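*Asks:* Structure supplied as target-v6.pdb; contents: PDB, C-alpha atoms and all ligand atoms.
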```
ATOM      1  CA  MET A   1      -4.177  11.526  21.366
ATOM      2  CA  PRO A   2      -6.693  13.911  19.805
ATOM      3  CA  TYR A   3      -7.053  12.052  16.519
ATOM      4  CA  ASP A   4     -10.261  11.212  14.769
ATOM      5  CA  MET A   5      -9.683   7.584  13.795
ATOM      6  CA  PRO A   6      -8.993   5.854  11.476
ATOM      7  CA  LEU A   7      -5.864   7.753  10.592
ATOM      8  CA  TYR A   8      -3.720   7.075   7.518
ATOM      9  CA  ARG A   9      -0.340   8.309   6.375
ATOM     10  CA  PRO A  10       2.099   7.237   3.647
ATOM     11  CA  PRO A  11       4.736   4.684   4.804
ATOM     12  CA  SER A  12       7.493   7.274   4.277
ATOM     13  CA  GLU A  13       5.866   9.544   6.881
ATOM     14  CA  ALA A  14       6.297   6.986   9.673
ATOM     15  CA  ASP A  15       8.489   9.387  11.670
ATOM     16  CA  SER A  16       6.465  12.516  10.957
ATOM     17  CA  LEU A  17       4.090  14.310  13.242
ATOM     18  CA  ILE A  18       0.619  13.780  11.779
ATOM     19  CA  LEU A  19      -1.632  16.781  11.971
ATOM     20  CA  GLN A  20      -5.289  16.392  11.043
ATOM     21  CA  VAL A  21      -6.648  19.468   9.318
ATOM     22  CA  THR A  22      -9.440  17.686   7.457
ATOM     23  CA  LEU A  23     -11.414  14.550   8.246
ATOM     24  CA  GLY A  24     -12.014  11.897   5.599
ATOM     25  CA  CYS A  25     -11.721  12.160   1.839
ATOM     26  CA  SER A  26     -13.646  14.743  -0.179
ATOM     27  CA  HIS A  27     -13.945  12.281  -3.079
ATOM     28  CA  ASN A  28     -14.573   9.041  -1.147
ATOM     29  CA  LYS A  29     -15.913   7.200  -4.192
ATOM     30  CA  CYS A  30     -13.115   4.914  -5.369
ATOM     31  CA  THR A  31     -14.556   1.419  -5.658
ATOM     32  CA  PHE A  32     -11.586  -0.378  -4.097
ATOM     33  CA  CYS A  33     -11.062   1.952  -1.140
ATOM     34  CA  SER A  34     -12.571   1.718   2.304
ATOM     35  CA  MET A  35     -10.157   4.079   4.050
ATOM     36  CA  TYR A  36     -12.543   6.871   4.920
ATOM     37  CA  LYS A  37     -15.922   5.232   4.368
ATOM     38  CA  ALA A  38     -16.847   5.741   8.022
ATOM     39  CA  LYS A  39     -16.081   9.469   7.914
ATOM     40  CA  LYS A  40     -18.040  12.321   6.447
ATOM     41  CA  PHE A  41     -15.583  14.753   4.894
ATOM     42  CA  ARG A  42     -15.116  18.092   6.576
ATOM     43  CA  ILE A  43     -12.457  20.651   7.389
ATOM     44  CA  LEU A  44     -11.597  20.994  11.069
ATOM     45  CA  THR A  45     -12.963  24.104  12.744
ATOM     46  CA  VAL A  46     -10.521  26.779  13.941
ATOM     47  CA  GLN A  47     -11.142  25.688  17.559
ATOM     48  CA  GLU A  48     -10.548  22.008  16.777
ATOM     49  CA  LEU A  49      -7.379  22.789  14.883
ATOM     50  CA  GLU A  50      -6.105  24.991  17.698
ATOM     51  CA  LYS A  51      -6.710  22.209  20.224
ATOM     52  CA  HIS A  52      -4.895  19.704  17.996
ATOM     53  CA  LEU A  53      -1.993  22.129  17.514
ATOM     54  CA  ASN A  54      -1.669  22.820  21.229
ATOM     55  CA  TRP A  55      -1.441  19.099  21.868
ATOM     56  CA  ALA A  56       1.196  18.706  19.112
ATOM     57  CA  LYS A  57       3.263  21.644  20.424
ATOM     58  CA  GLU A  58       3.221  20.176  23.915
ATOM     59  CA  TYR A  59       4.210  16.620  22.938
ATOM     60  CA  TYR A  60       6.257  17.105  19.740
ATOM     61  CA  PRO A  61       7.846  20.571  20.001
ATOM     62  CA  LYS A  62      10.917  19.402  18.050
ATOM     63  CA  ALA A  63       9.008  17.969  15.081
ATOM     64  CA  ARG A  64      11.068  18.152  11.893
ATOM     65  CA  ARG A  65       8.440  16.785   9.542
ATOM     66  CA  ILE A  66       4.687  17.248   9.542
ATOM     67  CA  PHE A  67       2.205  15.330   7.419
ATOM     68  CA  LEU A  68      -1.174  16.998   6.936
ATOM     69  CA  ALA A  69      -4.059  14.511   7.129
ATOM     70  CA  ASP A  70      -6.662  13.290   6.272
ATOM     71  CA  GLY A  71      -7.214  12.993   2.505
ATOM     72  CA  ASN A  72      -7.276  15.894   0.044
ATOM     73  CA  VAL A  73      -6.032  18.733   2.236
ATOM     74  CA  LEU A  74      -5.764  20.887  -0.889
ATOM     75  CA  VAL A  75      -9.531  21.146  -0.931
ATOM     76  CA  MET A  76      -9.103  23.935   1.643
ATOM     77  CA  LYS A  77      -9.126  27.574   0.592
ATOM     78  CA  THR A  78      -5.608  28.531  -0.434
ATOM     79  CA  GLU A  79      -5.170  31.436   2.014
ATOM     80  CA  LYS A  80      -6.412  29.370   4.940
ATOM     81  CA  LEU A  81      -4.102  26.458   4.194
ATOM     82  CA  LYS A  82      -1.170  28.804   3.530
ATOM     83  CA  ASN A  83      -1.709  30.523   6.908
ATOM     84  CA  ILE A  84      -1.850  27.155   8.690
ATOM     85  CA  VAL A  85       1.392  25.979   7.074
ATOM     86  CA  GLU A  86       3.230  29.249   7.750
ATOM     87  CA  GLY A  87       2.046  29.052  11.360
ATOM     88  CA  LEU A  88       3.527  25.565  11.653
ATOM     89  CA  TYR A  89       6.977  26.825  10.673
ATOM     90  CA  ARG A  90       6.672  29.475  13.417
ATOM     91  CA  ASP A  91       5.364  27.049  16.051
ATOM     92  CA  PHE A  92       7.857  24.260  15.343
ATOM     93  CA  PRO A  93      11.321  25.853  15.042
ATOM     94  CA  ASN A  94      12.964  22.610  13.833
ATOM     95  CA  LEU A  95      10.401  22.014  11.093
ATOM     96  CA  GLU A  96      12.037  21.140   7.758
ATOM     97  CA  ARG A  97       9.134  20.035   5.605
ATOM     98  CA  VAL A  98       5.371  19.714   5.403
ATOM     99  CA  THR A  99       3.694  17.167   3.118
ATOM    100  CA  ALA A 100       0.116  16.150   2.327
ATOM    101  CA  TYR A 101      -2.100  13.893   0.236
ATOM    102  CA  ALA A 102      -3.568  15.652  -2.805
ATOM    103  CA  GLY A 103      -6.435  14.609  -5.033
ATOM    104  CA  PRO A 104      -5.979  15.276  -8.775
ATOM    105  CA  ARG A 105      -9.220  17.244  -8.942
ATOM    106  CA  ASP A 106      -8.104  19.535  -6.106
ATOM    107  CA  ILE A 107      -4.813  20.285  -7.855
ATOM    108  CA  LEU A 108      -6.673  21.086 -11.086
ATOM    109  CA  GLU A 109      -9.076  23.388  -9.310
ATOM    110  CA  LYS A 110      -6.279  25.564  -7.933
ATOM    111  CA  SER A 111      -4.628  28.154 -10.181
ATOM    112  CA  MET A 112      -0.893  27.962 -10.795
ATOM    113  CA  GLU A 113      -0.474  31.059  -8.643
ATOM    114  CA  GLU A 114      -2.335  29.412  -5.740
ATOM    115  CA  LEU A 115      -0.260  26.241  -6.015
ATOM    116  CA  LYS A 116       2.958  28.260  -6.047
ATOM    117  CA  LYS A 117       1.796  30.147  -2.944
ATOM    118  CA  LEU A 118       1.168  26.870  -1.130
ATOM    119  CA  HIS A 119       4.525  25.510  -2.147
ATOM    120  CA  SER A 120       6.259  28.719  -1.017
ATOM    121  CA  SER A 121       4.452  28.523   2.315
ATOM    122  CA  GLY A 122       6.363  25.298   2.977
ATOM    123  CA  ILE A 123       4.425  22.326   1.564
ATOM    124  CA  ALA A 124       7.342  20.543  -0.029
ATOM    125  CA  MET A 125       5.780  17.372  -1.376
ATOM    126  CA  LEU A 126       2.370  16.042  -2.384
ATOM    127  CA  TYR A 127       1.294  12.389  -2.424
ATOM    128  CA  LEU A 128      -0.835  11.716  -5.481
ATOM    129  CA  GLY A 129      -2.744   8.462  -5.981
ATOM    130  CA  ILE A 130      -2.547   7.773  -9.720
ATOM    131  CA  GLU A 131      -3.799   4.168  -9.280
ATOM    132  CA  SER A 132      -3.846   3.489 -13.063
ATOM    133  CA  GLY A 133      -3.227   5.261 -16.336
ATOM    134  CA  SER A 134      -5.956   3.358 -18.162
ATOM    135  CA  ALA A 135      -9.038   5.416 -19.015
ATOM    136  CA  GLN A 136     -11.242   2.334 -18.622
ATOM    137  CA  ILE A 137      -9.825   1.424 -15.216
ATOM    138  CA  LEU A 138     -10.011   4.991 -13.891
ATOM    139  CA  LYS A 139     -13.658   5.015 -14.960
ATOM    140  CA  ASP A 140     -14.334   1.569 -13.458
ATOM    141  CA  ILE A 141     -12.827   2.510 -10.105
ATOM    142  CA  ASN A 142     -14.605   5.864 -10.101
ATOM    143  CA  LYS A 143     -11.439   7.912  -9.630
ATOM    144  CA  GLY A 144     -13.168  11.009 -10.955
ATOM    145  CA  VAL A 145     -10.524  12.000 -13.516
ATOM    146  CA  THR A 146      -9.336  10.849 -16.945
ATOM    147  CA  PRO A 147      -5.698   9.882 -17.596
ATOM    148  CA  GLU A 148      -5.163  13.217 -19.368
ATOM    149  CA  GLU A 149      -6.525  15.109 -16.350
ATOM    150  CA  MET A 150      -4.269  13.044 -14.096
ATOM    151  CA  ILE A 151      -1.272  13.994 -16.252
ATOM    152  CA  GLU A 152      -2.311  17.642 -16.191
ATOM    153  CA  ALA A 153      -2.639  17.568 -12.377
ATOM    154  CA  GLY A 154       0.733  15.874 -11.898
ATOM    155  CA  GLN A 155       2.551  18.178 -14.303
ATOM    156  CA  LYS A 156       0.892  21.242 -12.799
ATOM    157  CA  ALA A 157       1.945  20.297  -9.260
ATOM    158  CA  ARG A 158       5.530  19.710 -10.379
ATOM    159  CA  LYS A 159       5.587  22.986 -12.318
ATOM    160  CA  ALA A 160       4.421  24.797  -9.179
ATOM    161  CA  GLY A 161       7.497  23.438  -7.409
ATOM    162  CA  PHE A 162       6.140  20.495  -5.417
ATOM    163  CA  LYS A 163       7.955  17.197  -5.308
ATOM    164  CA  LEU A 164       5.553  14.417  -6.203
ATOM    165  CA  SER A 165       5.241  10.977  -4.702
ATOM    166  CA  CYS A 166       2.851   8.919  -6.826
ATOM    167  CA  THR A 167       1.157   5.621  -6.113
ATOM    168  CA  ILE A 168      -0.018   2.993  -8.583
ATOM    169  CA  ILE A 169      -1.915  -0.209  -7.792
ATOM    170  CA  LEU A 170      -0.854  -3.504  -9.353
ATOM    171  CA  GLY A 171      -3.707  -5.780 -10.357
ATOM    172  CA  LEU A 172      -6.245  -2.963 -10.549
ATOM    173  CA  GLY A 173      -7.388  -3.964 -14.045
ATOM    174  CA  GLY A 174      -7.821  -7.621 -13.127
ATOM    175  CA  THR A 175      -7.182 -10.350 -15.709
ATOM    176  CA  GLU A 176      -9.097  -8.488 -18.401
ATOM    177  CA  LEU A 177      -7.180  -5.211 -18.452
ATOM    178  CA  TRP A 178      -3.737  -6.060 -17.116
ATOM    179  CA  ARG A 179      -1.843  -5.239 -20.312
ATOM    180  CA  GLU A 180      -3.657  -1.948 -20.753
ATOM    181  CA  HIS A 181      -3.018  -1.171 -17.079
ATOM    182  CA  ALA A 182       0.719  -1.800 -17.517
ATOM    183  CA  TYR A 183       1.173   0.248 -20.716
ATOM    184  CA  GLU A 184      -1.135   3.120 -19.910
ATOM    185  CA  THR A 185       0.111   3.505 -16.343
ATOM    186  CA  ALA A 186       3.678   3.681 -17.648
ATOM    187  CA  ARG A 187       2.561   6.310 -20.176
ATOM    188  CA  VAL A 188       0.947   8.501 -17.507
ATOM    189  CA  ILE A 189       3.877   8.159 -15.100
ATOM    190  CA  ASN A 190       6.345   8.963 -17.894
ATOM    191  CA  ALA A 191       4.393  12.124 -18.700
ATOM    192  CA  ILE A 192       4.410  13.255 -15.064
ATOM    193  CA  GLN A 193       7.999  12.269 -14.153
ATOM    194  CA  PRO A 194       7.430  12.088 -10.379
ATOM    195  CA  GLU A 195      10.372  12.110  -7.984
ATOM    196  CA  TYR A 196       8.996   9.051  -6.137
ATOM    197  CA  LEU A 197       6.826   6.176  -7.296
ATOM    198  CA  GLY A 198       5.296   3.452  -5.137
ATOM    199  CA  ALA A 199       3.598   0.346  -6.546
ATOM    200  CA  LEU A 200       1.133  -1.302  -4.167
ATOM    201  CA  THR A 201      -0.779  -4.501  -4.910
ATOM    202  CA  LEU A 202      -4.564  -4.459  -4.934
ATOM    203  CA  MET A 203      -6.005  -5.497  -1.590
ATOM    204  CA  VAL A 204      -9.652  -6.420  -1.388
ATOM    205  CA  GLU A 205     -11.477  -4.570   1.354
ATOM    206  CA  GLU A 206     -14.794  -5.484   2.921
ATOM    207  CA  ASN A 207     -17.806  -3.296   2.123
ATOM    208  CA  THR A 208     -16.449  -1.964  -1.145
ATOM    209  CA  PRO A 209     -18.074  -2.092  -4.604
ATOM    210  CA  LEU A 210     -14.991  -4.007  -5.763
ATOM    211  CA  ILE A 211     -15.570  -6.972  -3.473
ATOM    212  CA  ARG A 212     -19.140  -7.202  -4.734
ATOM    213  CA  LYS A 213     -17.850  -7.287  -8.326
ATOM    214  CA  ILE A 214     -15.439 -10.070  -7.402
ATOM    215  CA  LYS A 215     -18.193 -12.081  -5.713
ATOM    216  CA  ASN A 216     -20.408 -11.594  -8.800
ATOM    217  CA  LYS A 217     -17.516 -12.775 -10.976
ATOM    218  CA  GLU A 218     -17.412  -9.444 -12.826
ATOM    219  CA  PHE A 219     -13.785  -8.889 -11.851
ATOM    220  CA  GLN A 220     -11.075 -11.501 -11.712
ATOM    221  CA  LEU A 221      -8.032 -10.886  -9.556
ATOM    222  CA  LEU A 222      -4.554 -11.485 -10.921
ATOM    223  CA  ARG A 223      -2.598 -14.373  -9.429
ATOM    224  CA  PRO A 224       0.840 -13.593  -7.942
ATOM    225  CA  LEU A 225       2.771 -14.606 -11.073
ATOM    226  CA  GLU A 226       0.446 -12.510 -13.206
ATOM    227  CA  ILE A 227       1.139  -9.517 -10.955
ATOM    228  CA  ILE A 228       4.846 -10.068 -11.651
ATOM    229  CA  ASP A 229       4.142 -10.099 -15.418
ATOM    230  CA  GLU A 230       2.183  -6.883 -15.122
ATOM    231  CA  LEU A 231       4.904  -5.154 -13.130
ATOM    232  CA  ARG A 232       7.514  -6.377 -15.614
ATOM    233  CA  GLU A 233       5.590  -4.810 -18.503
ATOM    234  CA  MET A 234       5.168  -1.602 -16.553
ATOM    235  CA  ILE A 235       8.836  -1.304 -15.616
ATOM    236  CA  SER A 236       9.907  -2.136 -19.194
ATOM    237  CA  ASN A 237       7.805   0.787 -20.388
ATOM    238  CA  PHE A 238       8.892   3.358 -17.820
ATOM    239  CA  GLN A 239      11.035   6.143 -19.237
ATOM    240  CA  LEU A 240      11.959   8.050 -16.087
ATOM    241  CA  GLU A 241      14.789  10.462 -15.531
ATOM    242  CA  ASN A 242      15.437  10.121 -11.835
ATOM    243  CA  CYS A 243      12.598   8.473  -9.961
ATOM    244  CA  ILE A 244      12.959   6.553  -6.721
ATOM    245  CA  PHE A 245      10.831   3.450  -7.191
ATOM    246  CA  ARG A 246       9.543   1.286  -4.347
ATOM    247  CA  SER A 247       7.380  -1.798  -4.374
ATOM    248  CA  ASN A 248       7.982  -2.842  -0.803
ATOM    249  CA  HIS A 249       4.617  -2.132   0.829
ATOM    250  CA  ALA A 250       3.046  -4.854   2.987
ATOM    251  CA  SER A 251       0.684  -5.592   0.082
ATOM    252  CA  ASN A 252       3.461  -6.540  -2.358
ATOM    253  CA  TYR A 253       4.494 -10.124  -3.132
ATOM    254  CA  LEU A 254       8.078  -9.098  -3.749
ATOM    255  CA  ALA A 255      10.014  -6.210  -2.209
ATOM    256  CA  LEU A 256      11.693  -4.127  -4.899
ATOM    257  CA  LYS A 257      13.485  -0.799  -4.838
ATOM    258  CA  GLY A 258      15.679   1.160  -7.181
ATOM    259  CA  THR A 259      16.052   4.348  -9.146
ATOM    260  CA  LEU A 260      14.452   4.503 -12.578
ATOM    261  CA  ASN A 261      15.620   4.333 -15.288
ATOM    262  CA  LYS A 262      19.114   3.701 -13.914
ATOM    263  CA  ASP A 263      18.152   0.418 -12.202
ATOM    264  CA  LYS A 264      15.625  -0.773 -14.782
ATOM    265  CA  ASP A 265      17.677  -3.790 -15.922
ATOM    266  CA  LYS A 266      18.394  -4.815 -12.335
ATOM    267  CA  LEU A 267      14.694  -4.652 -11.411
ATOM    268  CA  LEU A 268      13.691  -6.617 -14.525
ATOM    269  CA  PHE A 269      16.336  -9.232 -13.746
ATOM    270  CA  THR A 270      14.926  -9.658 -10.205
ATOM    271  CA  LEU A 271      11.400 -10.032 -11.590
ATOM    272  CA  ASN A 272      12.549 -12.621 -14.148
ATOM    273  CA  GLU A 273      14.336 -14.603 -11.446
ATOM    274  CA  ALA A 274      11.263 -14.477  -9.195
ATOM    275  CA  LYS A 275       9.150 -15.701 -12.088
ATOM    276  CA  LYS A 276      11.472 -18.691 -12.556
ATOM    277  CA  LEU A 277      11.377 -19.583  -8.856
ATOM    278  CA  GLY A 278       7.579 -19.343  -8.804
ATOM    279  CA  GLU A 279       4.994 -18.521  -6.165
ATOM    280  CA  LYS A 280       6.911 -20.240  -3.366
ATOM    281  CA  VAL A 281       9.139 -17.146  -3.029
ATOM    282  CA  PHE A 282       6.141 -14.830  -2.533
ATOM    283  CA  ARG A 283       4.318 -13.903   0.615
ATOM    284  CA  PRO A 284       1.133 -15.912   1.250
ATOM    285  CA  GLU A 285      -1.897 -14.105  -0.078
ATOM    286  CA  GLY A 286      -4.386 -14.327   2.765
ATOM    287  CA  TRP A 287      -3.562 -10.661   3.420
ATOM    288  CA  ARG A 288      -5.077  -9.641   0.081
ATOM    289  CA  GLY A 289      -8.514 -10.207   1.482
ATOM    290  CA  PHE A 290      -9.533 -13.438  -0.253
TER     291      PHE A 290
HETATM  292  S1  LIG B 301      -8.439   6.096  -2.979
HETATM  293 FE1  LIG B 301      -7.957   8.137  -2.204
HETATM  294  S2  LIG B 301      -9.283   9.512  -3.423
HETATM  295 FE2  LIG B 301     -10.124   7.442  -3.644
HETATM  296  S3  LIG B 301     -11.677   7.292  -2.033
HETATM  297 FE3  LIG B 301      -9.775   6.436  -1.188
HETATM  298  S4  LIG B 301      -8.812   8.152  -0.116
HETATM  299 FE4  LIG B 301     -10.370   9.018  -1.491
END
```
Kindly present the structure from the file in structure tokens form.
Ligand code: SF4

*Replies:*
Amino acid sequence: MPYDMPLYRPPSEADSLILQVTLGCSHNKCTFCSMYKAKKFRILTVQELEKHLNWAKEYYPKARRIFLADGNVLVMKTEKLKNIVEGLYRDFPNLERVTAYAGPRDILEKSMEELKKLHSSGIAMLYLGIESGSAQILKDINKGVTPEEMIEAGQKARKAGFKLSCTIILGLGGTELWREHAYETARVINAIQPEYLGALTLMVEENTPLIRKIKNKEFQLLRPLEIIDELREMISNFQLENCIFRSNHASNYLALKGTLNKDKDKLLFTLNEAKKLGEKVFRPEGWRGF
């Protein structure tokens, strides 16, 4: 396979054809993330992309869904990306949707007209890593945007017509900022009103600034029951019209899913029951990296 590894995609794109149009992440500075540390960000050359496309057309001619990798595909010039996406709909006659990761800064740097053009070309949904709504946490993790900029990016993408799938990370504020993380993240998500929301749990990766902070005792991880408290506060504060919520990633202690706000009480009931039963009902935490 002509992929430049490592390769990442959202869990919901498990059945999609992955097409690499960029390598790495143009930001690549978040303190908890090691995904693209080994890659220097760049956009594939026309020749490389053509080779990748020829391979995809040969092996997956009936692809219905295509996910554009790696991170921050929107960093590309609008016309170039639009032409690539329109070409995909010509090359893959069964294609129904194209999706991609999007960094908040890249959304903000495009005009509304450019975003609408990209949506009309066939990019149906963007995956946006919110991580936290707390100004302090976003600064600590070096996300590169403030909560207000994150809201602006999310609202702008939705206004341009994209569906949004947002991700938040439980435990990202540690023991010190967990309440702020819960309230502020709910505030930001409420302001954006994404169609999909996924809550992961913080995993500690080797060779990241975060692990050094933990070793220096500058950051204290939440215990499993504290993660449940944090999620409970967050869910209590969500005011969402019709958002499919999932917390069933491999990193999560408890698998939850529902539609918010409709299933809010049901989700809170499950969390309260889990709290009563205690840590024995959770997955062991060796996978979190400590
Ligand atoms: S979390 Fe996302 S934006 Fe931040 S460095 Fe990792 S891939 Fe890039």

*Asks:* Select the residues contacting ligand LIG 301 (chain B) at a distance of at most 6 Å, based on only C-alpha atoms and all ligand atoms, then format the selection as a count of residues only.

*Replies:* 8

*Asks:* Quick one: everything within 6 Å of region 182-189 of chain A, counting all atoms listed in the file, minus sequence neighbours fewer than 6 positions away in the same chain. Send it as number ranges by chain.

*Replies:* A: 132-134, 230, 233-234, 237-238

*Asks:* Using all atoms listed in the file, which residues sit within 7 Å of region 272-284 of chain A once same-chain residues fewer than 3 positions away are excluded, as an MDAnalysis selection string?

*Replies:* chainID A and resid 224:225 253:254 268:269

*Asks:* Around (-8.8, 9.3, -9.4) in the file's frame, which residues reach within 9 Å when counting all atoms listed in the file? Return as a list in words?

*Replies:* His27, Cys30, Gly103, Pro104, Arg105, Gly129, Ile130, Glu131, Ser132, Leu138, Lys139, Ile141, Asn142, Lys143, Gly144, Val145, Thr146, Pro147 and Met150 of chain A

*Asks:* With the PyMOL selection byres (((chain A and resi 20) around 6) and not hetatm) as the selection, what would be picked from this file? Answer as a VMD selection string, please.

*Replies:* chain A and resid 19 21 to 22 68 to 70

*Asks:* Mind telling me what the PyMOL selection byres (((chain A and resi 153) around 10) and not hetatm) catches here, as a PyMOL selection string?

*Replies:* chain A and resi 102-110+128+145+147-152+154-159+192

*Asks:* Give me, as a ChimeraX atom specification, all polymer residues having an atom no more than 12 Å from region 58-63 of chain A, counting all atoms listed in the file and skipping those fewer than 4 positions away in the same chain.

*Replies:* /A:1-2,15-19,51-54,67,88-98

*Asks:* Any chance you could export the current selection's C-alpha atoms as a short mmCIF file (atom, residue, chain, number, x, y, z; two decimals), in the coordinates of the input?

*Replies:*
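Saved to part35.cif:
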```
data_model
loop_
_atom_site.label_atom_id
_atom_site.label_comp_id
_atom_site.auth_asym_id
_atom_site.auth_seq_id
_atom_site.Cartn_x
_atom_site.Cartn_y
_atom_site.Cartn_z
CA MET A 1 -4.18 11.53 21.37
CA PRO A 2 -6.69 13.91 19.80
CA ASP A 15 8.49 9.39 11.67
CA SER A 16 6.46 12.52 10.96
CA LEU A 17 4.09 14.31 13.24
CA ILE A 18 0.62 13.78 11.78
CA LEU A 19 -1.63 16.78 11.97
CA LYS A 51 -6.71 22.21 20.22
CA HIS A 52 -4.89 19.70 18.00
CA LEU A 53 -1.99 22.13 17.51
CA ASN A 54 -1.67 22.82 21.23
CA PHE A 67 2.20 15.33 7.42
CA LEU A 88 3.53 25.56 11.65
CA TYR A 89 6.98 26.82 10.67
CA ARG A 90 6.67 29.48 13.42
CA ASP A 91 5.36 27.05 16.05
CA PHE A 92 7.86 24.26 15.34
CA PRO A 93 11.32 25.85 15.04
CA ASN A 94 12.96 22.61 13.83
CA LEU A 95 10.40 22.01 11.09
CA GLU A 96 12.04 21.14 7.76
CA ARG A 97 9.13 20.04 5.60
CA VAL A 98 5.37 19.71 5.40
#
```

*Asks:* State, in Å with one decimal place, the distance from CA of Ile211 (chain A) to CA of Pro11 (chain A).

*Replies:*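 CA of Pro11 (chain A) lies at a distance of 24.8 Å from CA of Ile211 (chain A).
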
*Asks:* So the first atom is CA of Thr99 (chain A) and the second is CA of Gly122 (chain A); what is the distance between them in Å, to one decimal place?

*Replies:* 8.6 Å

*Asks:* Quick one: pull the distance between CA of Thr175 (chain A) and CA of Phe32 (chain A), Å, one decimal.

*Replies:*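 Pair CA of Thr175 (chain A) / CA of Phe32 (chain A) returns 15.9 Å.
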
*Asks:* Which residue gives the smallest distance to Gly173 (chain A) among A:Asn261, A:Thr201, A:Ser251, A:Ser26, with only C-alpha atoms counted?

*Replies:* A:Thr201

*Asks:* Taking only C-alpha atoms into account, name the residue in A:Glu176, A:Glu113, A:Asp140, A:Glu13 that is nearest to Leu221 (chain A).

*Replies:* A:Glu176

*Asks:* Kindly indicate which residue among A:Lys116, A:Lys264, A:Arg246, A:Lys80 lies nearest to Glu195 (chain A), using all atoms listed in the file for the distances.

*Replies:*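 Residue with the minimum atom-to-atom distance to Glu195 (chain A): A:Arg246.
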
*Asks:* Taking the file as shown, what set of residues would the PyMOL selection byres (((chain A and resi 260) around 10) and not hetatm) give back, as a ChimeraX atom specification?

*Replies:* /A:195-197,235,238-245,257-259,261-265,267

*Asks:* When you look at Glu79 (chain A) with a cut-off of 12 Å (counting all atoms listed in the file), what residues show up, excluding the ones that are within fewer than 3 positions of it in the same chain? I need them as a list of chain:residue names.

*Replies:* A:Leu74, A:Val75, A:Met76, A:Lys82, A:Asn83, A:Ile84, A:Val85, A:Glu86, A:Lys110, A:Glu113, A:Glu114, A:Leu115, A:Lys116, A:Lys117, A:Leu118, A:Ser121

*Asks:* Show which residues sit within 10 Å of Met5 (chain A), as a list in words. Count only C-alpha atoms, and ignore same-chain residues fewer than 4 positions away.

*Replies:*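 The filter keeps Leu23, Gly24, Tyr36, Ala38, Lys39 and Asp70 of chain A.
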
*Asks:* Which one of A:Thr167, A:Ala199, A:Phe219, A:Leu210 sits closest to Asn248 (chain A) if you count all atoms listed in the file?

*Replies:*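 Selected residue with least distance to Asn248 (chain A): A:Ala199.
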
*Asks:* Rank nothing, just name the residue among A:Ile169, A:Leu177, A:Gln47, A:Lys215 nearest to His249 (chain A), using all atoms listed in the file.

*Replies:* A:Ile169
